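A.B. asks: I have a structure here, written as structure tokens, and I will follow up with some questions on it.
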Amino acid sequence: MAATDPFPPCVIVHEAAEACLALVAGRPVTLLSAPWAGVYGGARWWAGLVAAAARRSGCPEPPHILDCGDAPGRALEALRAGQRRLVLRAPAPVWREIAGRAASLGALLLEAPPDALDLGTREGRFRLAAHLGA
């Protein structure tokens, strides 16, 4: 990630075990859902996964981002559920409208996911420590 990115290094997690792996590394990290997870899993599933990983690892809940694909309805649902960092790939007028709603709630809407290491791959798990700067 670039020095100007607003998050600690991002890792893509597909399940709570991967999130725990990232958290127990003991370095600042941002959890990023798998692409489109907001569509097939939803905001409550994602919040539950992050909370469970934090409990299991004994770490505070880290910053986390839910990828809502191109589904503005799912992004709005996630905002209503309390999610404060989202990715939404939508046409500009739709994106701007939802970004305005997000901003009014103190949330952040991204047009694309930040650069991240995918912990769903063997290579990702192997490279985790280096990615987090350990």
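Ligands are numbered from 1 in the order shown, chains are lettered A, B, ... in the order of the structure tokens, and residues start at 1 in each chain.
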With only C-alpha atoms as the counted atoms, please give the residues lying no more than 12 Å from Trp36 in chain A, apart from itself and same-chain residues fewer than 5 positions off, as a PyMOL selection string.
C.D. replies: chain A and resi 12+14+41-43+46+65-72+74-75+86-89+112-113
A.B. asks: Taking into account only C-alpha atoms, which residue in the set A:Leu79, A:Leu21, A:Ala102, A:Leu31 is nearest to Ala116 in chain A?
C.D. replies: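 Among A:Leu79, A:Leu21, A:Ala102, A:Leu31, it is A:Leu31 that comes nearest to Ala116 in chain A.
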A.B. asks: Expressed in Å to a single decimal, how great is the separation between CA of Cys59 in chain A and CA of Ser33 in chain A?
C.D. replies: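 Computing the Euclidean distance for CA of Cys59 in chain A and CA of Ser33 in chain A yields 18.4 Å.
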A.B. asks: Please, what distance in Å, to one decimal, runs between CA of Ala22 in chain A and CA of Gly73 in chain A?
C.D. replies: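 We find that CA of Ala22 in chain A and CA of Gly73 in chain A lie 29.6 Å from each other.
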A.B. asks: Taking the chain letters and numbering used in this document, name the residues of chain A that DSSP puts in strand (DSSP E or B), as a VMD selection string.
C.D. replies: chain A and resid 10 to 13 30 to 33 64 to 67 85 to 87 108 to 110 116 to 118
A.B. asks: Please produce a file of the residues just selected, as an mmCIF file, in the first residue's frame, where the atoms kept are N, CA and C atoms.
C.D. replies:
```
data_model
loop_
_atom_site.group_PDB
_atom_site.id
_atom_site.type_symbol
_atom_site.label_atom_id
_atom_site.label_comp_id
_atom_site.auth_asym_id
_atom_site.auth_seq_id
_atom_site.Cartn_x
_atom_site.Cartn_y
_atom_site.Cartn_z
ATOM 1 N N CYS A 10 -3.554 -4.277 4.023
ATOM 2 C CA CYS A 10 -4.795 -5.052 3.886
ATOM 3 C C CYS A 10 -4.503 -6.508 3.550
ATOM 4 N N VAL A 11 -5.331 -7.379 4.133
ATOM 5 C CA VAL A 11 -5.306 -8.788 3.766
ATOM 6 C C VAL A 11 -6.734 -9.217 3.465
ATOM 7 N N ILE A 12 -6.892 -9.976 2.398
ATOM 8 C CA ILE A 12 -8.203 -10.522 2.040
ATOM 9 C C ILE A 12 -8.405 -11.801 2.829
ATOM 10 N N VAL A 13 -9.539 -11.870 3.533
ATOM 11 C CA VAL A 13 -9.864 -13.069 4.296
ATOM 12 C C VAL A 13 -11.202 -13.616 3.813
ATOM 13 N N THR A 30 -5.531 -4.438 8.187
ATOM 14 C CA THR A 30 -6.913 -4.180 7.795
ATOM 15 C C THR A 30 -7.436 -5.441 7.146
ATOM 16 N N LEU A 31 -8.574 -5.920 7.617
ATOM 17 C CA LEU A 31 -9.204 -7.094 7.008
ATOM 18 C C LEU A 31 -10.101 -6.626 5.875
ATOM 19 N N LEU A 32 -9.950 -7.244 4.732
ATOM 20 C CA LEU A 32 -10.751 -6.943 3.546
ATOM 21 C C LEU A 32 -11.488 -8.215 3.174
ATOM 22 N N SER A 33 -12.790 -8.103 2.975
ATOM 23 C CA SER A 33 -13.546 -9.294 2.585
ATOM 24 C C SER A 33 -13.140 -9.730 1.186
ATOM 25 N N HIS A 64 -11.793 -2.876 9.078
ATOM 26 C CA HIS A 64 -12.211 -3.892 8.115
ATOM 27 C C HIS A 64 -13.087 -3.271 7.038
ATOM 28 N N ILE A 65 -13.016 -3.878 5.861
ATOM 29 C CA ILE A 65 -13.698 -3.350 4.665
ATOM 30 C C ILE A 65 -14.520 -4.475 4.044
ATOM 31 N N LEU A 66 -15.778 -4.193 3.751
ATOM 32 C CA LEU A 66 -16.663 -5.156 3.096
ATOM 33 C C LEU A 66 -16.787 -4.799 1.622
ATOM 34 N N ASP A 67 -16.497 -5.745 0.760
ATOM 35 C CA ASP A 67 -16.609 -5.557 -0.695
ATOM 36 C C ASP A 67 -18.019 -5.928 -1.131
ATOM 37 N N ARG A 85 -16.765 0.878 6.375
ATOM 38 C CA ARG A 85 -15.822 0.899 5.246
ATOM 39 C C ARG A 85 -16.315 -0.112 4.222
ATOM 40 N N LEU A 86 -16.570 0.383 3.009
ATOM 41 C CA LEU A 86 -17.150 -0.458 1.966
ATOM 42 C C LEU A 86 -16.469 -0.224 0.637
ATOM 43 N N VAL A 87 -16.516 -1.245 -0.197
ATOM 44 C CA VAL A 87 -16.135 -1.120 -1.603
ATOM 45 C C VAL A 87 -17.415 -1.284 -2.410
ATOM 46 N N LEU A 108 -16.869 5.341 4.975
ATOM 47 C CA LEU A 108 -16.041 5.553 3.792
ATOM 48 C C LEU A 108 -16.446 4.569 2.709
ATOM 49 N N LEU A 109 -16.715 5.065 1.523
ATOM 50 C CA LEU A 109 -17.042 4.229 0.378
ATOM 51 C C LEU A 109 -15.900 4.323 -0.623
ATOM 52 N N LEU A 110 -15.346 3.175 -0.989
ATOM 53 C CA LEU A 110 -14.250 3.105 -1.949
ATOM 54 C C LEU A 110 -14.778 2.616 -3.294
ATOM 55 N N ALA A 116 -4.125 -5.672 -1.607
ATOM 56 C CA ALA A 116 -4.201 -6.583 -0.464
ATOM 57 C C ALA A 116 -3.548 -7.913 -0.802
ATOM 58 N N LEU A 117 -3.143 -8.598 0.244
ATOM 59 C CA LEU A 117 -2.607 -9.948 0.150
ATOM 60 C C LEU A 117 -3.747 -10.912 0.441
ATOM 61 N N ASP A 118 -3.957 -11.883 -0.426
ATOM 62 C CA ASP A 118 -5.061 -12.837 -0.271
ATOM 63 C C ASP A 118 -4.618 -14.021 0.589
#
```
A.B. asks: Separation of CA of Arg27 in chain A and CA of Gly133 in chain A, in Å?
C.D. replies: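 Going from CA of Arg27 in chain A over to CA of Gly133 in chain A, I get 7.6 Å.
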A.B. asks: Of the candidates A:Val24, A:Ala34, A:Leu76, A:Ala81, which shows the shortest atom-to-atom distance to Ala54 in chain A, using only C-alpha atoms?
C.D. replies: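 Selected residue with least distance to Ala54 in chain A: A:Val24.
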A.B. asks: Rank nothing, just name the residue among A:Ala92, A:Ala37, A:Ala17, A:Leu119 nearest to Arg56 in chain A, using only C-alpha atoms.
C.D. replies: A:Ala17
A.B. asks: Give me every alpha helix (DSSP H) residue in range 11-133 of chain A, going by DSSP on the backbone, as an NGL selection string.
C.D. replies: :A and (16-24 or 37-40 or 43-57 or 72-80 or 92-104 or 122-131)
A.B. asks: With distances taken over only C-alpha atoms, which of A:Glu111, A:Gly120, A:Val94, A:Leu105 is nearest to Gly82 in chain A?
C.D. replies: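 So, comparing all the options, the nearest one is A:Leu105.
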